[in-house]
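Student: Got a structure for you, coords.cif, holding mmCIF, C-alpha atoms and all ligand atoms.
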```
data_protein
loop_
_atom_site.label_atom_id
_atom_site.label_comp_id
_atom_site.auth_asym_id
_atom_site.auth_seq_id
_atom_site.Cartn_x
_atom_site.Cartn_y
_atom_site.Cartn_z
CA MET A 1 -24.72 -71.17 -20.08
CA ARG A 2 -25.93 -67.62 -20.63
CA MET A 3 -23.39 -65.30 -22.25
CA THR A 4 -23.22 -61.72 -20.97
CA PHE A 5 -21.01 -58.65 -21.45
CA ARG A 6 -19.98 -56.06 -18.88
CA TRP A 7 -21.00 -52.54 -19.83
CA TYR A 8 -20.28 -49.34 -17.89
CA GLY A 9 -23.36 -47.38 -18.92
CA GLU A 10 -24.39 -44.62 -21.33
CA GLY A 11 -21.86 -41.79 -21.43
CA ASN A 12 -19.49 -43.76 -19.22
CA ASP A 13 -18.54 -46.55 -21.63
CA LYS A 14 -17.14 -45.78 -25.07
CA ILE A 15 -18.55 -49.10 -26.24
CA SER A 16 -22.22 -48.91 -27.25
CA LEU A 17 -24.99 -51.43 -26.72
CA ALA A 18 -25.39 -51.48 -30.51
CA GLN A 19 -21.78 -52.68 -30.83
CA ILE A 20 -22.28 -55.34 -28.18
CA ARG A 21 -25.37 -56.50 -30.07
CA GLN A 22 -23.10 -57.60 -32.94
CA ILE A 23 -21.12 -60.04 -30.80
CA PRO A 24 -22.71 -63.47 -31.36
CA GLY A 25 -24.37 -65.14 -28.41
CA VAL A 26 -24.61 -62.24 -25.95
CA ASP A 27 -28.09 -61.93 -24.48
CA GLY A 28 -27.44 -60.01 -21.29
CA ILE A 29 -25.65 -56.93 -20.00
CA VAL A 30 -23.77 -57.00 -16.71
CA TRP A 31 -24.30 -53.54 -15.26
CA SER A 32 -23.99 -51.34 -12.22
CA LEU A 33 -24.53 -47.76 -11.17
CA HIS A 34 -20.83 -47.06 -11.38
CA ASP A 35 -20.97 -43.57 -9.91
CA MET A 36 -22.68 -44.79 -6.75
CA PRO A 37 -20.33 -44.64 -3.75
CA ALA A 38 -20.10 -47.89 -1.74
CA GLY A 39 -22.69 -47.99 1.00
CA GLU A 40 -25.20 -45.60 -0.62
CA LEU A 41 -28.77 -46.64 -1.23
CA TRP A 42 -29.50 -47.05 -4.96
CA SER A 43 -32.52 -45.06 -6.07
CA GLU A 44 -35.44 -46.86 -7.70
CA GLU A 45 -35.49 -44.28 -10.50
CA ARG A 46 -31.88 -44.89 -11.43
CA ILE A 47 -32.35 -48.67 -11.31
CA THR A 48 -35.48 -48.57 -13.47
CA LYS A 49 -33.87 -46.25 -15.99
CA GLU A 50 -30.75 -48.39 -16.39
CA VAL A 51 -32.74 -51.62 -16.72
CA ALA A 52 -35.00 -49.98 -19.31
CA THR A 53 -32.03 -48.76 -21.39
CA ILE A 54 -30.56 -52.25 -21.42
CA ARG A 55 -33.85 -53.97 -22.23
CA GLN A 56 -34.68 -51.52 -25.01
CA ALA A 57 -31.46 -52.56 -26.70
CA GLY A 58 -32.65 -56.18 -26.61
CA PHE A 59 -30.72 -57.51 -23.63
CA HIS A 60 -31.67 -58.81 -20.22
CA ALA A 61 -30.37 -56.98 -17.15
CA ASP A 62 -30.30 -59.97 -14.78
CA VAL A 63 -26.78 -59.48 -13.44
CA VAL A 64 -25.36 -56.57 -11.46
CA GLU A 65 -21.61 -56.24 -10.92
CA SER A 66 -21.00 -54.93 -8.39
CA VAL A 67 -22.90 -53.55 -5.47
CA ASN A 68 -19.79 -52.50 -3.58
CA VAL A 69 -19.47 -53.21 0.13
CA HIS A 70 -18.66 -50.22 2.32
CA GLU A 71 -15.24 -50.31 3.99
CA ASP A 72 -16.86 -50.01 7.46
CA ILE A 73 -18.56 -53.39 6.88
CA LYS A 74 -15.24 -55.02 6.03
CA LEU A 75 -13.61 -53.33 9.03
CA GLY A 76 -16.49 -54.28 11.32
CA LEU A 77 -17.01 -50.73 12.63
CA PRO A 78 -20.17 -49.87 14.62
CA THR A 79 -21.32 -47.74 11.67
CA ARG A 80 -21.56 -50.88 9.50
CA ASP A 81 -25.22 -51.48 10.37
CA VAL A 82 -26.35 -48.38 8.50
CA TYR A 83 -24.51 -49.52 5.39
CA ILE A 84 -25.81 -53.08 5.72
CA ASP A 85 -29.36 -51.72 5.90
CA ASN A 86 -28.70 -49.76 2.70
CA TYR A 87 -27.29 -52.89 1.08
CA LYS A 88 -30.39 -54.88 1.98
CA GLU A 89 -32.72 -52.21 0.63
CA THR A 90 -30.68 -51.94 -2.59
CA LEU A 91 -31.02 -55.71 -3.01
CA ARG A 92 -34.78 -55.51 -2.50
CA ARG A 93 -35.04 -52.77 -5.11
CA LEU A 94 -32.86 -54.67 -7.59
CA ALA A 95 -34.90 -57.83 -7.10
CA LYS A 96 -38.11 -55.88 -7.78
CA ALA A 97 -36.55 -54.61 -11.02
CA GLY A 98 -35.93 -58.22 -12.06
CA VAL A 99 -32.24 -58.62 -11.16
CA LYS A 100 -31.32 -62.24 -10.38
CA VAL A 101 -27.64 -62.16 -9.41
CA VAL A 102 -25.45 -59.59 -7.66
CA CYS A 103 -21.67 -59.89 -7.80
CA TYR A 104 -19.59 -58.29 -5.02
CA ASN A 105 -16.18 -58.67 -3.48
CA PHE A 106 -14.81 -58.50 0.04
CA MET A 107 -11.26 -57.27 -0.51
CA PRO A 108 -9.94 -54.62 1.89
CA VAL A 109 -9.30 -51.25 0.21
CA PHE A 110 -8.52 -52.34 -3.34
CA ASP A 111 -10.40 -54.20 -6.02
CA TRP A 112 -8.13 -55.73 -8.68
CA THR A 113 -4.55 -54.53 -8.45
CA ARG A 114 -1.85 -54.38 -11.13
CA THR A 115 1.47 -52.60 -11.46
CA GLU A 116 1.04 -51.75 -15.15
CA LEU A 117 -2.03 -51.24 -17.31
CA TYR A 118 -0.46 -51.40 -20.77
CA HIS A 119 2.37 -53.92 -20.63
CA PRO A 120 3.44 -54.89 -24.17
CA LEU A 121 2.92 -58.44 -25.36
CA LYS A 122 4.97 -60.03 -28.15
CA ASP A 123 2.08 -59.78 -30.62
CA GLY A 124 2.07 -55.97 -30.38
CA SER A 125 -0.98 -55.72 -28.14
CA ASN A 126 -0.75 -54.79 -24.46
CA ALA A 127 -2.41 -55.95 -21.27
CA LEU A 128 -2.69 -55.59 -17.51
CA PHE A 129 0.45 -56.77 -15.75
CA PHE A 130 1.36 -57.61 -12.16
CA GLU A 131 4.98 -57.43 -11.08
CA GLN A 132 5.76 -58.82 -7.60
CA SER A 133 8.96 -56.86 -7.01
CA ARG A 134 7.27 -53.56 -7.78
CA ILE A 135 4.40 -54.22 -5.40
CA GLN A 136 6.80 -55.07 -2.59
CA ASN A 137 8.79 -51.88 -2.95
CA ILE A 138 6.17 -49.29 -3.70
CA ASP A 139 3.99 -47.19 -1.48
CA PRO A 140 0.37 -47.94 -2.47
CA MET A 141 -0.44 -44.23 -2.75
CA GLU A 142 2.38 -43.79 -5.21
CA LEU A 143 1.30 -46.79 -7.29
CA ILE A 144 -2.23 -45.52 -7.63
CA LYS A 145 -1.03 -42.06 -8.58
CA THR A 146 1.29 -43.43 -11.27
CA LEU A 147 -1.34 -45.73 -12.70
CA SER A 148 -4.14 -43.21 -12.81
CA GLN A 149 -2.01 -40.48 -14.43
CA ASN A 150 -2.92 -41.32 -18.01
CA VAL A 151 -6.32 -42.81 -17.42
CA ASP A 152 -9.35 -40.58 -17.57
CA VAL A 153 -11.84 -43.27 -16.57
CA THR A 154 -12.75 -44.66 -13.20
CA MET A 155 -11.81 -48.26 -12.73
CA PRO A 156 -13.82 -50.62 -10.52
CA GLY A 157 -12.67 -50.27 -6.95
CA TRP A 158 -10.68 -47.15 -7.77
CA GLU A 159 -13.58 -44.78 -7.44
CA PRO A 160 -12.52 -41.20 -6.58
CA GLU A 161 -14.20 -41.23 -3.18
CA ARG A 162 -12.28 -44.36 -2.19
CA LEU A 163 -8.97 -42.97 -3.41
CA ALA A 164 -9.52 -39.70 -1.58
CA LYS A 165 -9.72 -41.56 1.72
CA LEU A 166 -6.94 -44.02 0.97
CA GLU A 167 -4.42 -42.84 3.55
CA HIS A 168 -6.99 -42.85 6.32
CA THR A 169 -8.29 -46.27 5.26
CA PHE A 170 -4.78 -47.72 5.52
CA VAL A 171 -4.50 -46.45 9.09
CA GLN A 172 -7.83 -48.10 9.94
CA TYR A 173 -6.54 -51.45 8.67
CA GLN A 174 -3.35 -51.40 10.75
CA GLY A 175 -3.04 -54.74 12.59
CA PHE A 176 -6.19 -56.06 10.96
CA THR A 177 -6.15 -59.86 10.54
CA SER A 178 -7.74 -62.27 8.09
CA GLU A 179 -9.77 -63.81 10.95
CA GLN A 180 -11.31 -60.40 11.61
CA LEU A 181 -12.16 -60.13 7.93
CA TRP A 182 -13.80 -63.59 8.03
CA SER A 183 -15.89 -62.67 11.01
CA ASN A 184 -17.01 -59.39 9.41
CA LEU A 185 -17.93 -61.24 6.23
CA GLN A 186 -19.98 -63.68 8.27
CA TYR A 187 -21.77 -60.84 10.07
CA PHE A 188 -22.58 -59.23 6.69
CA LEU A 189 -23.85 -62.46 5.13
CA GLU A 190 -25.99 -63.37 8.14
CA GLN A 191 -27.80 -60.07 7.72
CA VAL A 192 -28.07 -59.96 3.97
CA ILE A 193 -28.77 -63.57 2.91
CA PRO A 194 -32.25 -63.76 4.50
CA VAL A 195 -33.22 -60.76 2.33
CA CYS A 196 -31.82 -62.55 -0.74
CA GLU A 197 -33.87 -65.64 0.13
CA GLN A 198 -37.02 -63.64 0.61
CA TYR A 199 -36.64 -61.65 -2.61
CA ASP A 200 -35.04 -64.39 -4.71
CA ILE A 201 -31.84 -62.57 -5.61
CA LYS A 202 -28.54 -64.46 -5.46
CA LEU A 203 -25.19 -63.19 -4.26
CA GLY A 204 -21.97 -64.30 -5.94
CA ILE A 205 -18.73 -63.26 -4.27
CA HIS A 206 -15.85 -62.48 -6.63
CA PRO A 207 -12.48 -64.00 -5.70
CA ASP A 208 -9.69 -61.68 -4.64
CA ASP A 209 -7.54 -60.37 -7.44
CA PRO A 210 -4.70 -61.20 -7.13
CA ALA A 211 -5.47 -64.13 -4.84
CA PHE A 212 -2.88 -63.25 -2.19
CA ALA A 213 -2.29 -60.52 0.40
CA ILE A 214 -0.87 -57.25 -0.90
CA PHE A 215 0.35 -54.20 1.01
CA GLY A 216 -0.07 -56.22 4.23
CA LEU A 217 -3.86 -56.28 3.77
CA PRO A 218 -5.51 -59.67 4.26
CA ARG A 219 -7.23 -61.43 1.35
CA ILE A 220 -9.42 -64.47 1.98
CA ILE A 221 -11.32 -65.53 -1.15
CA THR A 222 -8.29 -67.14 -2.72
CA ASN A 223 -8.53 -70.95 -2.96
CA LEU A 224 -10.77 -74.01 -2.63
CA THR A 225 -10.43 -74.33 1.15
CA ASN A 226 -11.39 -70.71 1.71
CA ILE A 227 -14.20 -70.80 -0.84
CA LYS A 228 -15.67 -73.79 1.03
CA ARG A 229 -15.34 -71.87 4.28
CA LEU A 230 -17.18 -68.93 2.72
CA LEU A 231 -20.01 -71.19 1.56
CA SER A 232 -20.36 -72.64 5.05
CA LEU A 233 -20.59 -69.21 6.74
CA VAL A 234 -24.25 -69.18 5.71
CA ASP A 235 -25.30 -72.45 4.15
CA SER A 236 -27.80 -71.18 1.62
CA PRO A 237 -27.84 -71.37 -2.19
CA TYR A 238 -28.21 -67.58 -2.12
CA ASN A 239 -24.75 -67.30 -0.58
CA GLY A 240 -22.95 -68.14 -3.79
CA LEU A 241 -20.00 -67.57 -6.04
CA SER A 242 -18.83 -65.61 -9.05
CA ILE A 243 -15.92 -67.77 -10.15
CA CYS A 244 -13.25 -65.68 -11.89
CA THR A 245 -10.68 -67.88 -13.61
CA GLY A 246 -8.21 -65.02 -13.99
CA SER A 247 -8.28 -64.04 -10.32
CA LEU A 248 -8.04 -67.61 -9.07
CA GLY A 249 -5.46 -68.23 -11.80
CA SER A 250 -3.12 -65.59 -10.39
CA ILE A 251 -1.85 -68.45 -8.20
CA ASN A 252 -1.75 -72.16 -8.99
CA ASN A 253 -5.38 -73.05 -8.19
CA ASP A 254 -7.06 -76.12 -9.68
CA ILE A 255 -10.07 -74.25 -11.05
CA PRO A 256 -11.89 -77.26 -12.58
CA ALA A 257 -11.70 -78.89 -9.12
CA ILE A 258 -13.21 -75.76 -7.54
CA ILE A 259 -16.04 -75.88 -10.10
CA ASP A 260 -16.56 -79.60 -9.44
CA GLN A 261 -16.76 -79.19 -5.69
CA CYS A 262 -18.80 -75.98 -5.52
CA PHE A 263 -20.87 -76.25 -8.67
CA SER A 264 -24.33 -75.82 -7.16
CA ARG A 265 -23.30 -72.48 -5.66
CA ILE A 266 -21.89 -70.90 -8.84
CA HIS A 267 -24.22 -68.20 -10.14
CA PHE A 268 -21.83 -66.27 -12.36
CA MET A 269 -18.59 -67.05 -14.20
CA HIS A 270 -15.79 -64.74 -15.36
CA VAL A 271 -13.63 -66.49 -17.94
CA ARG A 272 -10.21 -65.11 -18.85
CA ASN A 273 -6.61 -66.24 -18.94
CA VAL A 274 -3.40 -65.12 -17.25
CA LYS A 275 0.17 -66.23 -17.76
CA ARG A 276 2.05 -66.78 -14.51
CA PHE A 277 5.83 -66.54 -14.38
CA ALA A 278 8.16 -68.41 -12.01
CA ASN A 279 8.84 -65.23 -9.98
CA GLY A 280 5.13 -64.72 -9.25
CA ASP A 281 4.51 -62.04 -11.89
CA PHE A 282 1.54 -62.52 -14.18
CA ILE A 283 0.17 -60.95 -17.34
CA GLU A 284 -3.29 -61.16 -18.85
CA THR A 285 -3.43 -62.97 -22.18
CA SER A 286 -5.98 -63.96 -24.78
CA HIS A 287 -8.69 -66.34 -23.58
CA ARG A 288 -7.02 -69.27 -25.39
CA ALA A 289 -5.86 -72.11 -23.14
CA CYS A 290 -2.43 -72.36 -24.79
CA ASP A 291 -1.72 -68.65 -24.33
CA GLY A 292 -1.85 -68.64 -20.53
CA SER A 293 -1.60 -70.72 -17.37
CA VAL A 294 -5.33 -71.35 -16.97
CA ASP A 295 -6.72 -74.33 -18.85
CA THR A 296 -9.77 -72.42 -20.09
CA VAL A 297 -10.87 -75.36 -22.26
CA LYS A 298 -10.99 -77.60 -19.21
CA VAL A 299 -12.89 -74.89 -17.31
CA ILE A 300 -15.54 -74.74 -20.04
CA LYS A 301 -15.66 -78.53 -20.31
CA THR A 302 -16.21 -78.80 -16.57
CA LEU A 303 -19.07 -76.29 -16.68
CA HIS A 304 -20.56 -78.18 -19.62
CA LYS A 305 -20.24 -81.53 -17.85
CA HIS A 306 -22.34 -80.18 -14.97
CA GLY A 307 -24.88 -78.63 -17.35
CA TYR A 308 -24.18 -75.02 -16.32
CA THR A 309 -27.18 -72.79 -17.03
CA GLY A 310 -25.94 -69.75 -15.11
CA TYR A 311 -24.46 -66.47 -16.35
CA LEU A 312 -20.98 -66.12 -17.79
CA ARG A 313 -18.93 -63.28 -19.22
CA PRO A 314 -15.51 -62.87 -20.74
CA ASP A 315 -13.37 -60.93 -18.29
CA HIS A 316 -10.48 -58.53 -18.93
CA GLY A 317 -9.00 -58.63 -22.39
CA ARG A 318 -5.79 -57.38 -23.95
CA HIS A 319 -5.97 -53.99 -25.65
CA LEU A 320 -5.97 -54.59 -29.41
CA TRP A 321 -5.61 -52.57 -32.59
CA GLY A 322 -4.92 -49.34 -30.73
CA GLU A 323 -8.00 -49.41 -28.53
CA GLU A 324 -5.91 -48.50 -25.46
CA GLU A 325 -6.32 -44.95 -26.79
CA TRP A 326 -9.96 -44.95 -25.77
CA ALA A 327 -10.91 -48.13 -23.95
CA ARG A 328 -11.17 -48.68 -20.23
CA PRO A 329 -8.15 -50.76 -19.06
CA GLY A 330 -9.02 -54.45 -19.39
CA TYR A 331 -12.45 -53.63 -20.79
CA GLY A 332 -11.90 -52.96 -24.48
CA LEU A 333 -14.20 -54.33 -27.13
CA TYR A 334 -12.07 -56.54 -29.32
CA ASP A 335 -10.41 -59.10 -27.08
CA ARG A 336 -13.52 -59.62 -25.02
CA ALA A 337 -15.45 -60.24 -28.26
CA LEU A 338 -12.77 -62.69 -29.41
CA GLY A 339 -12.93 -64.33 -25.98
CA ILE A 340 -16.66 -64.85 -26.37
CA MET A 341 -16.15 -66.54 -29.72
CA TYR A 342 -13.54 -68.84 -28.18
CA ILE A 343 -15.74 -69.76 -25.22
CA LEU A 344 -18.76 -70.34 -27.48
CA GLY A 345 -16.60 -72.33 -29.91
CA VAL A 346 -15.58 -74.74 -27.18
CA TRP A 347 -19.11 -74.88 -25.79
CA ASP A 348 -20.75 -75.51 -29.18
CA SER A 349 -18.31 -78.27 -30.03
CA LEU A 350 -19.17 -79.96 -26.74
CA GLU A 351 -22.87 -79.56 -27.48
CA SER A 352 -22.53 -81.19 -30.90
C1 LIG B 1 -12.67 -58.08 -12.19
C2 LIG B 1 -13.11 -57.28 -10.96
O1 LIG B 1 -10.60 -58.47 -11.20
C3 LIG B 1 -11.48 -58.94 -11.87
O2 LIG B 1 -11.41 -60.06 -12.30
O3 LIG B 1 -13.63 -58.90 -12.72
O4 LIG B 1 -13.04 -55.95 -11.30
C4 LIG B 1 -14.50 -57.58 -10.49
O5 LIG B 1 -15.37 -56.95 -11.34
C5 LIG B 1 -14.86 -57.11 -9.09
O6 LIG B 1 -13.89 -57.48 -8.19
C6 LIG B 1 -16.18 -57.68 -8.64
O7 LIG B 1 -16.61 -57.09 -7.47
MN MN B 2 -13.26 -61.22 -12.67
#
```
Can I see the file as structure tokens?

Tutor:
Amino acid sequence: MRMTFRWYGEGNDKISLAQIRQIPGVDGIVWSLHDMPAGELWSEERITKEVATIRQAGFHADVVESVNVHEDIKLGLPTRDVYIDNYKETLRRLAKAGVKVVCYNFMPVFDWTRTELYHPLKDGSNALFFEQSRIQNIDPMELIKTLSQNVDVTMPGWEPERLAKLEHTFVQYQGFTSEQLWSNLQYFLEQVIPVCEQYDIKLGIHPDDPAFAIFGLPRIITNLTNIKRLLSLVDSPYNGLSICTGSLGSINNDIPAIIDQCFSRIHFMHVRNVKRFANGDFIETSHRACDGSVDTVKVIKTLHKHGYTGYLRPDHGRHLWGEEEWARPGYGLYDRALGIMYILGVWDSLES
């Protein structure tokens, strides 16, 4: 297992590489060009510069999360081919810069969705929260406006250019079915995977978060059956997975079973915990197994049993010790660092 940490880049992340350096066990930075609109070609200069910054600080830059997929590709519009060509060229350039794995997702319109960013927990910290009844009764535009009011950072999938077009995008998705989404995903993978094979760069799709349809938009990367279907769309090791225990844990998935059955295709792991409530709400918790609904110990044991040598990172953490004042929602320093120590603690005890 190779421990990594997601970092949003110089001037864009309040956490520094020097701080990350002090977390035991982290040897790689998961990065992206976060200001790059989905569908744009990434410039070689920008890629080289970012990789150099990361390497100079003593880390590898093997994992990119994410290269976002343009909405026209998901919608299957005739204009998709231009964006797919850009995607292929970006992959070639990343591979040349030494990148090994690219994480992406195929969720219509939104990346991860929550109804509250700072929901209080009993211990005095706060965390991302999802409340079913609020999602059902709120207009998505209104939700986004409310959530982004007090946040001066851009969250993944909430980039300004996406939000600006939100109303129009919703109209485009009217009547859109999950089968259409599957077929557009297949079209995309059939084009892109041969490039991955040629340049030795692996794709790992991130599960949908939460793992069920919201706002009437289909979501397909949600459970074992669908993950197997995804893997069979193009049967190549380069068509792989980023398994996120928190996303899959938003419903009652047997994550160790998913790892068992799809192990050879897992290139990247996100480990975090969520507590599900009987009414379908869920809140993000510490990484500890007993704090949430995901048996994170069993997840780590299962990876260890298979001899996992791929990349892994802690995912969202709670906001601790007042860091919600400055940290990006879900991406503070403290709980992700604690999460790493927990994951490594379990791993090391298995090793010994
Ligand atoms: C996060 C996502 O929701 C999550 O679990 O890890 O923001 C993730 O980074 C993207 O969906 C990957 O494309
Ligand atoms: Mn994740």

Student: Have a look at A:Thr296, A:Asn239, A:Gln172, A:Thr302 and name the one nearest to Ala257 of chain A; count all atoms listed in the file.

Tutor: A:Thr302

Student: Check which residues fall inside 10 Å of ligand LIG 1 (chain B) when counting all atoms listed in the file, and print them as a PyMOL selection string.

Tutor: chain A and resi 6+30+64-69+102-107+110-114+155-158+204-211+242-248+269-272+313-316+330-331

Student: Would you mind listing what lies within 7 Å of Ser293 of chain A as a list in words, with only C-alpha atoms counted and same-chain residues fewer than 4 positions away left out?

Tutor: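 Everything that qualifies: Asn273, Val274, Lys275 and Arg276 of chain A.
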
Student: At a cut-off of 10 Å, using only C-alpha atoms, what residues contact Arg93 of chain A? Leave out same-chain residues fewer than 3 positions from it and give the result as number ranges by chain.

Tutor: A: 41-44, 47-48, 87-90, 96-99, 199

Student: May I have the residues within 12 Å of Ser183 of chain A as a PDB file with C-alpha atoms, in the coordinates of the input, using only C-alpha atoms and disregarding those fewer than 3 positions away in the same chain?

Tutor:
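Contents of around.pdb, as written:
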```
ATOM      1  CA  ILE A  73     -18.560 -53.390   6.880  1.00  0.00           C
ATOM      2  CA  LYS A  74     -15.240 -55.020   6.030  1.00  0.00           C
ATOM      3  CA  LEU A  75     -13.610 -53.330   9.030  1.00  0.00           C
ATOM      4  CA  GLY A  76     -16.490 -54.280  11.320  1.00  0.00           C
ATOM      5  CA  PHE A 106     -14.810 -58.500   0.040  1.00  0.00           C
ATOM      6  CA  PHE A 176      -6.190 -56.060  10.960  1.00  0.00           C
ATOM      7  CA  THR A 177      -6.150 -59.860  10.540  1.00  0.00           C
ATOM      8  CA  SER A 178      -7.740 -62.270   8.090  1.00  0.00           C
ATOM      9  CA  GLU A 179      -9.770 -63.810  10.950  1.00  0.00           C
ATOM     10  CA  GLN A 180     -11.310 -60.400  11.610  1.00  0.00           C
ATOM     11  CA  GLN A 186     -19.980 -63.680   8.270  1.00  0.00           C
ATOM     12  CA  TYR A 187     -21.770 -60.840  10.070  1.00  0.00           C
ATOM     13  CA  PHE A 188     -22.580 -59.230   6.690  1.00  0.00           C
ATOM     14  CA  LEU A 189     -23.850 -62.460   5.130  1.00  0.00           C
ATOM     15  CA  GLU A 190     -25.990 -63.370   8.140  1.00  0.00           C
ATOM     16  CA  ILE A 220      -9.420 -64.470   1.980  1.00  0.00           C
ATOM     17  CA  ARG A 229     -15.340 -71.870   4.280  1.00  0.00           C
ATOM     18  CA  LEU A 230     -17.180 -68.930   2.720  1.00  0.00           C
ATOM     19  CA  LEU A 233     -20.590 -69.210   6.740  1.00  0.00           C
ATOM     20  CA  VAL A 234     -24.250 -69.180   5.710  1.00  0.00           C
TER      21      VAL A 234
END
```

Student: Of the residues A:Gly345, A:Leu303, A:Phe5, A:Leu143, which is the one nearest to ligand MN 2 (chain B), using only C-alpha atoms and all ligand atoms?

Tutor: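 Among the listed residues, the smallest separation from ligand MN 2 (chain B) belongs to A:Phe5.
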
Student: Using only C-alpha atoms, list the residues that have an atom at most 10 Å from (-22.6, -62.6, -25.8), coordinates as in the file, as a VMD selection string.

Tutor: chain A and resid 2 to 6 20 to 29 59 312 to 314 336 to 337 339 to 341 343 to 344

Student: Rank nothing, just name the residue among A:Ser264, A:Ser250, A:Ser349, A:Asn279 nearest to Asn223 of chain A, using only C-alpha atoms.

Tutor: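 That would be A:Ser250, the residue with the smallest distance to Asn223 of chain A.
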
Student: Work out how far atom CA of Gly240 of chain A is from atom CA of Gly216 of chain A, in Å to one decimal.

Tutor: 27.0 Å

Student: For a quick check of understanding, using all atoms listed in the file, which of A:Ala278, A:Val51, A:Leu241, A:Val195 has the smallest distance to ligand MN 2 (chain B)?

Tutor: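 Going through A:Ala278, A:Val51, A:Leu241, A:Val195 one by one, the smallest distance to ligand MN 2 (chain B) is for A:Leu241.
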
Student: Using only C-alpha atoms and all ligand atoms, find the one residue out of A:Glu45, A:Pro78, A:Pro37, A:Phe268 that sits nearest to ligand MN 2 (chain B).

Tutor: A:Phe268

Student: Which residue gives the smallest distance to ligand MN 2 (chain B) among A:Glu284, A:Glu323, A:Asp295, A:Asp260, with only C-alpha atoms and all ligand atoms counted?

Tutor: A:Glu284

Student: Report, in Å to a single decimal, how far apart atom CA of Arg288 of chain A and atom CA of Ala127 of chain A are.

Tutor: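 Value for the atom CA of Ala127 of chain A-atom CA of Arg288 of chain A distance: 14.7 Å.
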
Student: As an exercise, work out the distance from atom CA of Gly317 of chain A to atom CA of Asn137 of chain A in Å and give it to one decimal place.

Tutor: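 Computing the Euclidean distance for atom CA of Gly317 of chain A and atom CA of Asn137 of chain A yields 27.2 Å.
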
Student: Which centre and which edge lengths, in Å to one decimal, describe the axis-aligned box that holds all listed atoms of segment 1-5 of chain A after 3 Å is added on each side, as AutoDock Vina command-line options?

Tutor:
```
--center_x -23.5 --center_y -64.9 --center_z -21.2 --size_x 10.9 --size_y 18.5 --size_z 8.2
```

Student: Missing atoms in segment 235-249 of chain A: fill them in up to N, CA and C atoms and send the result as an mmCIF file, keeping the file's coordinate frame.

Tutor:
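Okay, this is what ended up in result19.cif:
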```cif
data_model
loop_
_atom_site.group_PDB
_atom_site.id
_atom_site.type_symbol
_atom_site.label_atom_id
_atom_site.label_comp_id
_atom_site.auth_asym_id
_atom_site.auth_seq_id
_atom_site.Cartn_x
_atom_site.Cartn_y
_atom_site.Cartn_z
ATOM 1 N N ASP A 235 -25.122 -71.332 5.082
ATOM 2 C CA ASP A 235 -25.300 -72.450 4.150
ATOM 3 C C ASP A 235 -26.624 -72.325 3.401
ATOM 4 N N SER A 236 -26.606 -71.426 2.422
ATOM 5 C CA SER A 236 -27.800 -71.180 1.620
ATOM 6 C C SER A 236 -27.375 -71.054 0.171
ATOM 7 N N PRO A 237 -28.207 -71.536 -0.774
ATOM 8 C CA PRO A 237 -27.840 -71.370 -2.190
ATOM 9 C C PRO A 237 -27.690 -69.901 -2.570
ATOM 10 N N TYR A 238 -28.296 -69.014 -1.801
ATOM 11 C CA TYR A 238 -28.210 -67.580 -2.120
ATOM 12 C C TYR A 238 -26.853 -66.992 -1.752
ATOM 13 N N ASN A 239 -26.125 -67.690 -0.888
ATOM 14 C CA ASN A 239 -24.750 -67.300 -0.580
ATOM 15 C C ASN A 239 -23.838 -68.036 -1.556
ATOM 16 N N GLY A 240 -23.630 -67.427 -2.719
ATOM 17 C CA GLY A 240 -22.950 -68.140 -3.790
ATOM 18 C C GLY A 240 -21.696 -67.475 -4.307
ATOM 19 N N LEU A 241 -21.304 -67.936 -5.492
ATOM 20 C CA LEU A 241 -20.000 -67.570 -6.040
ATOM 21 C C LEU A 241 -20.085 -66.959 -7.431
ATOM 22 N N SER A 242 -19.177 -66.022 -7.692
ATOM 23 C CA SER A 242 -18.830 -65.610 -9.050
ATOM 24 C C SER A 242 -17.414 -66.152 -9.226
ATOM 25 N N ILE A 243 -17.258 -67.195 -9.993
ATOM 26 C CA ILE A 243 -15.920 -67.770 -10.150
ATOM 27 C C ILE A 243 -15.184 -67.032 -11.255
ATOM 28 N N CYS A 244 -14.060 -66.412 -10.908
ATOM 29 C CA CYS A 244 -13.250 -65.680 -11.890
ATOM 30 C C CYS A 244 -11.958 -66.465 -12.129
ATOM 31 N N THR A 245 -11.829 -67.001 -13.338
ATOM 32 C CA THR A 245 -10.680 -67.880 -13.610
ATOM 33 C C THR A 245 -9.367 -67.104 -13.611
ATOM 34 N N GLY A 246 -9.430 -65.823 -13.966
ATOM 35 C CA GLY A 246 -8.210 -65.020 -13.990
ATOM 36 C C GLY A 246 -7.737 -64.681 -12.587
ATOM 37 N N SER A 247 -8.664 -64.360 -11.699
ATOM 38 C CA SER A 247 -8.280 -64.040 -10.320
ATOM 39 C C SER A 247 -7.743 -65.276 -9.616
ATOM 40 N N LEU A 248 -8.495 -66.377 -9.711
ATOM 41 C CA LEU A 248 -8.040 -67.610 -9.070
ATOM 42 C C LEU A 248 -6.783 -68.137 -9.756
ATOM 43 N N GLY A 249 -6.624 -67.791 -11.035
ATOM 44 C CA GLY A 249 -5.460 -68.230 -11.800
ATOM 45 C C GLY A 249 -4.212 -67.397 -11.546
#
```
